[in-house]
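Beneath this line is the structure, given in structure tokens, with notes to follow.
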Amino acid sequence: MTQKRLIQKIAFISFGLISLMVVGLLFAILGFIAIRGIKVISWEFLTAMPDDGMTKGGIFPAIVGTGCLVLGSMIFAFPIGVLSGIYTHEYLKDSWFKRFIRVMTNNLSGIPSIVFGLFGMALFVNYLEFGDSIIAGSLTLGLLTLPVVIRTTEEALKSVDDTLRMGSYALGATKLQTIRRVVLPVAYPNIITGLILSIGRVSGETAPILFTVAAYFLPKLPGSISDQVMALPYHLYVLATSGTNMEESRPMAYGTAFVLISIILIINTIASLIRRRLHKKVKMN
Amino acid sequence: MIQAEAKNANVWYGDFHALKNVNMSFEPSSVTALIGPSGCGKSTFLRLFNRMNDLISNFKLEGSITVDGQNIYAKDAKIDEIRKTIGMVFQKPNPFPKSIYENVAYGLRVNGINDRRTLDEVVERSLKQAALWEEVKDNLKKSAMAISGGQQQRLCIARALAVEPKLILMDEPASALDPISTAKIEELIFELKKSFTIIIVTHNLQQAGRISDYTGFFYLGDLIEHDHTQKMFLNPAQERTQNYITGRFG
């Protein structure tokens with residue numbers, strides 16, 4: 001008995017230590033970036049154009065560029081992804097076709113993002129002749145998020161209790177009415193949360209924008225969707241590996257990393273706040 | 001007069017022969033209890049009457065099911081139209097995550113009825129019929145998720161009544177409820193049968209004895225016996241019915 005208890009205690013303590021280590025590691029990364037990055041953060045850093053071989057000035061065009069790309073990919077990926085998620089989960093009967101689509105969606109989300117970048121370049125930049133542009137970059141990023149959006153939607157729909165659907169059908173509602181009036185109101189907090197989380201991922205992607213939109217140095221704001229832009233992740237890459245004066249631009253790199261991480265953290269926090277709010281609303285309403 | 005009828009009903013799920021040549025008819029304003037051990041086909045039989053089995057892949061029916069003299073499996077029959085005239089109450093209370101009011105109004109809204117006055121009237125009438133009005137009349141905007149399980153089940157009954165069905169199907173409506181809520185549901189069924197025809201699946205034999213006029217005993221997909229409840233319980237014609245009712249198997 002006492003031996004059993006001892007083993008239990010050892011197990012608990014070691015599990016606890018390992019969990020602490022994971023959390024600690026996360027905080028170490030964030031802290032490392034924060035300490036080095038926060039020094040260069042200023043109003044000027046956030047709102048000015050880069051200057052003096054990217055060792056001075058700010059990262060404003062990169063922030064705007066990332067914003068444009070996120071927005072563009074959302075406009076493309078969300079409607080298509082959510083609608084196909086609804087189609088595969090609610091309309092497709094269980095068959096080899098459905099399983100095939102599911103496997104392909106999973107495979108698609110396992111493809112390295114650099115491959116999406118290459119594909120985007122071949123299709124949007126060259127074949128469709130969009131050139132290096134916001135539209136080409138957004139579409140490439142959109143393609144990358146599409147499987148995530150589809151999966152998220154399907155998972156959200158799956159978590160809706162089937163008895164609700166039955167109850168709706170039994171009252172003579174059609175499938176579309178059931179989806180619109182019962183299923184989606186229950187599922188949408190989870191869908192929205194998934195979508196917001198995918199924004200976080202898109203804003204940090206580097207490879208897909210490398211050949212499709214990202215500019216090495218472009219100290220002006222885009223005028224249309226066929227313009228090139230700078231973007232935070234690529235700017236970070238440039239500052240860290242191929243600046244004109246590496247020593248001088250290093251603090252700028254940490255500052256950029258800090259801004260990027262902050263944006264993603266803020267987005268994720270917003271996602272969980274929204275989820276909590278909406279869940280409460282669905283329950284109470 | 002006959003409200004609903006099954007003629008030579010055979011059901012398959014794939015290769016599984018779930019119902020074997022069942023013939024059964026239901027009089028208006030009566031309660032019929034369907035009893036039998038799990039997997040005997042009683043729920044499958046119940047769901048034939050509002051075509052809920054159609055949602056299951058591999059489902060196949062032979063024979064005919066008529067409600068109000070109309071073959072509801074006819075080629076030109078419209079499933080959603082049929083379901084509008086037949087109410088169903090499920091085992092687990094399944095209110096929609098909407099207000100009490102919107103739950104009851106749902107069946108009308110999906111029919112395109114959105115007139116406020118009509119909805120108000122129907123909601124009040126249905127909640128009164130379901131013996132829930134007094135408890136919720138001041139809180140119609142409250143979420144249906146926030147009331148008790150027994151109240152939720154009566155709300156689901158009110159929701160079914162709102163579309164003025166002729167036939168109400170109940171699939172073990174009280175099996176997830178406490179004894180007091182169960183008693184309320186049983187009282188309610190007793191009241192409802194004055195104006196509706198009710199078919200109820202139940203695992204609770206005492207309940208079948210208390211509330212039903214007729215009882216049908218199913219076993220392995222066969223309808224073994226169907227008669228007045230009193231006769232079924234006191235003097236069944238079949239030995240298997242006798243054995244089941246006295247608890248020798250089940």
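By convention in this document, the chains of the structure tokens carry letters A, B, ... by their order, each chain's residues are numbered from 1, and ligands are numbered from 1 in the order they are shown.
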Region 138-174 of chain A residues near region 63-79 of chain B within 10 Å, closest pair each, using only C-alpha atoms, as CSV:
residue,atom,partner,partner_atom,distance
A:Tyr169,CA,B:Ile79,CA,9.4
A:Ala170,CA,B:Ile79,CA,9.8
A:Gly172,CA,B:Ile79,CA,7.7
A:Ala173,CA,B:Ile79,CA,9.6
A:Thr174,CA,B:Ile79,CA,8.9
### Query
Which polymer residues have any atom within 7 Å of an atom of region 219-233 of chain A, counting only C-alpha atoms, with same-chain residues fewer than 2 positions away left out, as a ChimeraX atom specification?
/A:49-50,61-63,65-66,130,132-135,204-206,213-217,235-237,256,260
If you keep C-alpha atoms, can you produce a file of those selected residues as a PDB file, in the first residue's frame?
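Output file selection-v9.pdb follows:
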ATOM      1  CA  MET A  49       9.091  53.570 -42.900  1.00  0.00           C
ATOM      2  CA  PRO A  50      12.325  51.627 -42.615  1.00  0.00           C
ATOM      3  CA  PRO A  61       4.838  48.958 -44.312  1.00  0.00           C
ATOM      4  CA  ALA A  62       5.422  45.403 -43.104  1.00  0.00           C
ATOM      5  CA  ILE A  63       2.593  45.696 -40.572  1.00  0.00           C
ATOM      6  CA  GLY A  65       1.414  44.421 -45.688  1.00  0.00           C
ATOM      7  CA  THR A  66       0.714  41.582 -43.283  1.00  0.00           C
ATOM      8  CA  PHE A 130      -0.846  38.506 -61.424  1.00  0.00           C
ATOM      9  CA  ASP A 132       4.277  39.513 -57.378  1.00  0.00           C
ATOM     10  CA  SER A 133       1.226  41.086 -55.798  1.00  0.00           C
ATOM     11  CA  ILE A 134      -1.088  41.201 -52.806  1.00  0.00           C
ATOM     12  CA  ILE A 135      -3.660  39.234 -54.760  1.00  0.00           C
ATOM     13  CA  GLY A 204       3.153  34.272 -39.350  1.00  0.00           C
ATOM     14  CA  GLU A 205       3.631  32.332 -42.592  1.00  0.00           C
ATOM     15  CA  THR A 206       6.758  33.220 -44.532  1.00  0.00           C
ATOM     16  CA  VAL A 213       4.260  39.006 -52.885  1.00  0.00           C
ATOM     17  CA  ALA A 214       6.861  39.832 -50.269  1.00  0.00           C
ATOM     18  CA  ALA A 215       9.221  42.708 -51.003  1.00  0.00           C
ATOM     19  CA  TYR A 216      12.726  42.900 -49.633  1.00  0.00           C
ATOM     20  CA  PHE A 217      12.596  46.620 -49.143  1.00  0.00           C
ATOM     21  CA  HIS A 235      10.924  41.306 -42.995  1.00  0.00           C
ATOM     22  CA  LEU A 236      12.121  39.463 -39.926  1.00  0.00           C
ATOM     23  CA  TYR A 237      13.874  36.944 -42.134  1.00  0.00           C
ATOM     24  CA  THR A 256       9.810  42.855 -35.530  1.00  0.00           C
ATOM     25  CA  LEU A 260       4.605  39.660 -34.821  1.00  0.00           C
TER      26      LEU A 260
END
Please identify which residues in region 12-226 of chain B DSSP calls strand (DSSP E) from the backbone, and express them as an MDAnalysis selection string.
chainID B and resid 12:13 16:26 31:35 59:67 70:71 86:89 167:171 197:201 214:219 222:226
Taking only C-alpha atoms into account, find every residue of chain A that has an atom no more than 12 Å from chain B, and write it out as a PyMOL selection string. chain A and resi 90-95+160-187+279-285
Secondary structure check, alpha helix (DSSP H) residues of region 71-234 of chain A, as a VMD selection string: chain A and resid 71 to 86 96 to 110 113 to 120 134 to 158 162 to 170 175 to 178 184 to 204 207 to 210 232 to 234
A straight line from CA of Ala77 (chain A) to CA of Thr145 (chain A) spans 6.6 Å
Subject >> Near-region 174-185 of chain B list (12 Å; only C-alpha atoms; drop same-chain fewer than 5 positions) as a ChimeraX atom specification >> reply: /B:89-94,129-132,148-158,190-192,200-208,210-211
Could you check how far CA of Ile2 (chain B) sits from CA of Leu188 (chain B), in Å to one decimal?
->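 These two atoms are separated by 22.9 Å.
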Set the distance at 12 Å and use only C-alpha atoms: which residues neighbour Phe124 (chain A) once local chain neighbours fewer than 2 positions away are removed? I'd like the list as a compact mmCIF listing (two decimals) with N, CA and C atoms, in the first residue's frame.
# COMPACT_ATOMS: atom_id res chain seq x y z
N PHE A 116 3.36 25.29 -51.13
CA PHE A 116 2.26 26.18 -51.49
C PHE A 116 2.82 27.44 -52.15
N GLY A 117 3.94 27.92 -51.60
CA GLY A 117 4.56 29.11 -52.15
C GLY A 117 4.93 28.90 -53.61
N LEU A 118 5.55 27.77 -53.87
CA LEU A 118 5.98 27.46 -55.23
C LEU A 118 4.78 27.35 -56.17
N PHE A 119 3.77 26.65 -55.68
CA PHE A 119 2.55 26.48 -56.47
C PHE A 119 1.89 27.83 -56.75
N GLY A 120 1.83 28.65 -55.69
CA GLY A 120 1.24 29.98 -55.85
C GLY A 120 1.99 30.79 -56.90
N MET A 121 3.31 30.66 -56.88
CA MET A 121 4.10 31.40 -57.85
C MET A 121 3.78 30.91 -59.26
N ALA A 122 3.75 29.57 -59.41
CA ALA A 122 3.50 29.02 -60.73
C ALA A 122 2.12 29.41 -61.25
N ASN A 126 2.78 33.55 -62.28
CA ASN A 126 3.20 33.36 -63.66
C ASN A 126 2.05 33.04 -64.61
N TYR A 127 1.34 31.95 -64.33
CA TYR A 127 0.33 31.51 -65.29
C TYR A 127 -0.81 32.53 -65.42
N LEU A 128 -1.35 32.97 -64.28
CA LEU A 128 -2.44 33.94 -64.33
C LEU A 128 -1.93 35.38 -64.45
N GLU A 129 -0.63 35.51 -64.45
CA GLU A 129 0.03 36.79 -64.68
C GLU A 129 -0.39 37.88 -63.70
N PHE A 130 -0.58 37.49 -62.44
CA PHE A 130 -0.85 38.51 -61.42
C PHE A 130 0.45 39.21 -61.03
N GLY A 131 1.57 38.58 -61.30
CA GLY A 131 2.86 39.12 -60.86
C GLY A 131 2.99 39.01 -59.35
N ASP A 132 4.13 39.45 -58.83
CA ASP A 132 4.28 39.51 -57.38
C ASP A 132 3.32 40.57 -56.87
N SER A 133 2.28 40.14 -56.16
CA SER A 133 1.23 41.09 -55.80
C SER A 133 0.46 40.62 -54.57
N ILE A 134 -0.26 41.54 -53.97
CA ILE A 134 -1.09 41.20 -52.81
C ILE A 134 -2.08 40.11 -53.17
N ILE A 135 -2.65 40.22 -54.38
CA ILE A 135 -3.66 39.23 -54.76
C ILE A 135 -3.05 37.84 -54.87
N ALA A 136 -1.86 37.75 -55.47
CA ALA A 136 -1.21 36.43 -55.60
C ALA A 136 -0.85 35.88 -54.22
N GLY A 137 -0.30 36.74 -53.35
CA GLY A 137 0.08 36.30 -52.01
C GLY A 137 -1.13 35.88 -51.20
N SER A 138 -2.21 36.68 -51.28
CA SER A 138 -3.42 36.36 -50.51
C SER A 138 -4.02 35.04 -50.95
N LEU A 139 -4.06 34.83 -52.27
CA LEU A 139 -4.63 33.58 -52.76
C LEU A 139 -3.78 32.39 -52.31
N THR A 140 -2.47 32.55 -52.34
CA THR A 140 -1.60 31.46 -51.90
C THR A 140 -1.81 31.16 -50.41
N LEU A 141 -1.83 32.22 -49.61
CA LEU A 141 -2.09 32.03 -48.19
C LEU A 141 -3.47 31.44 -47.95
N LEU A 143 -5.11 29.42 -49.97
CA LEU A 143 -5.03 27.99 -50.27
C LEU A 143 -4.48 27.22 -49.09
N PRO A 208 4.99 30.90 -48.06
CA PRO A 208 4.05 31.09 -49.17
C PRO A 208 4.12 32.48 -49.79
N ILE A 209 4.61 33.48 -49.02
CA ILE A 209 4.63 34.83 -49.57
C ILE A 209 5.98 35.16 -50.21
N PHE A 211 7.71 33.92 -52.73
CA PHE A 211 7.79 34.07 -54.19
C PHE A 211 6.56 34.74 -54.77
N THR A 212 5.62 35.12 -53.93
CA THR A 212 4.36 35.59 -54.51
C THR A 212 4.07 37.06 -54.24
N VAL A 213 4.63 37.62 -53.17
CA VAL A 213 4.26 39.01 -52.88
C VAL A 213 5.34 39.79 -52.13
N SER A 226 -2.57 44.79 -56.80
CA SER A 226 -1.53 44.20 -57.66
C SER A 226 -0.14 44.74 -57.29
So, with only C-alpha atoms as the atoms that count, which of B:Tyr101, B:Gly112, B:Thr215, B:Lys7 lies closest to Asn139 (chain B)?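 The closest residue to Asn139 (chain B) is B:Tyr101.
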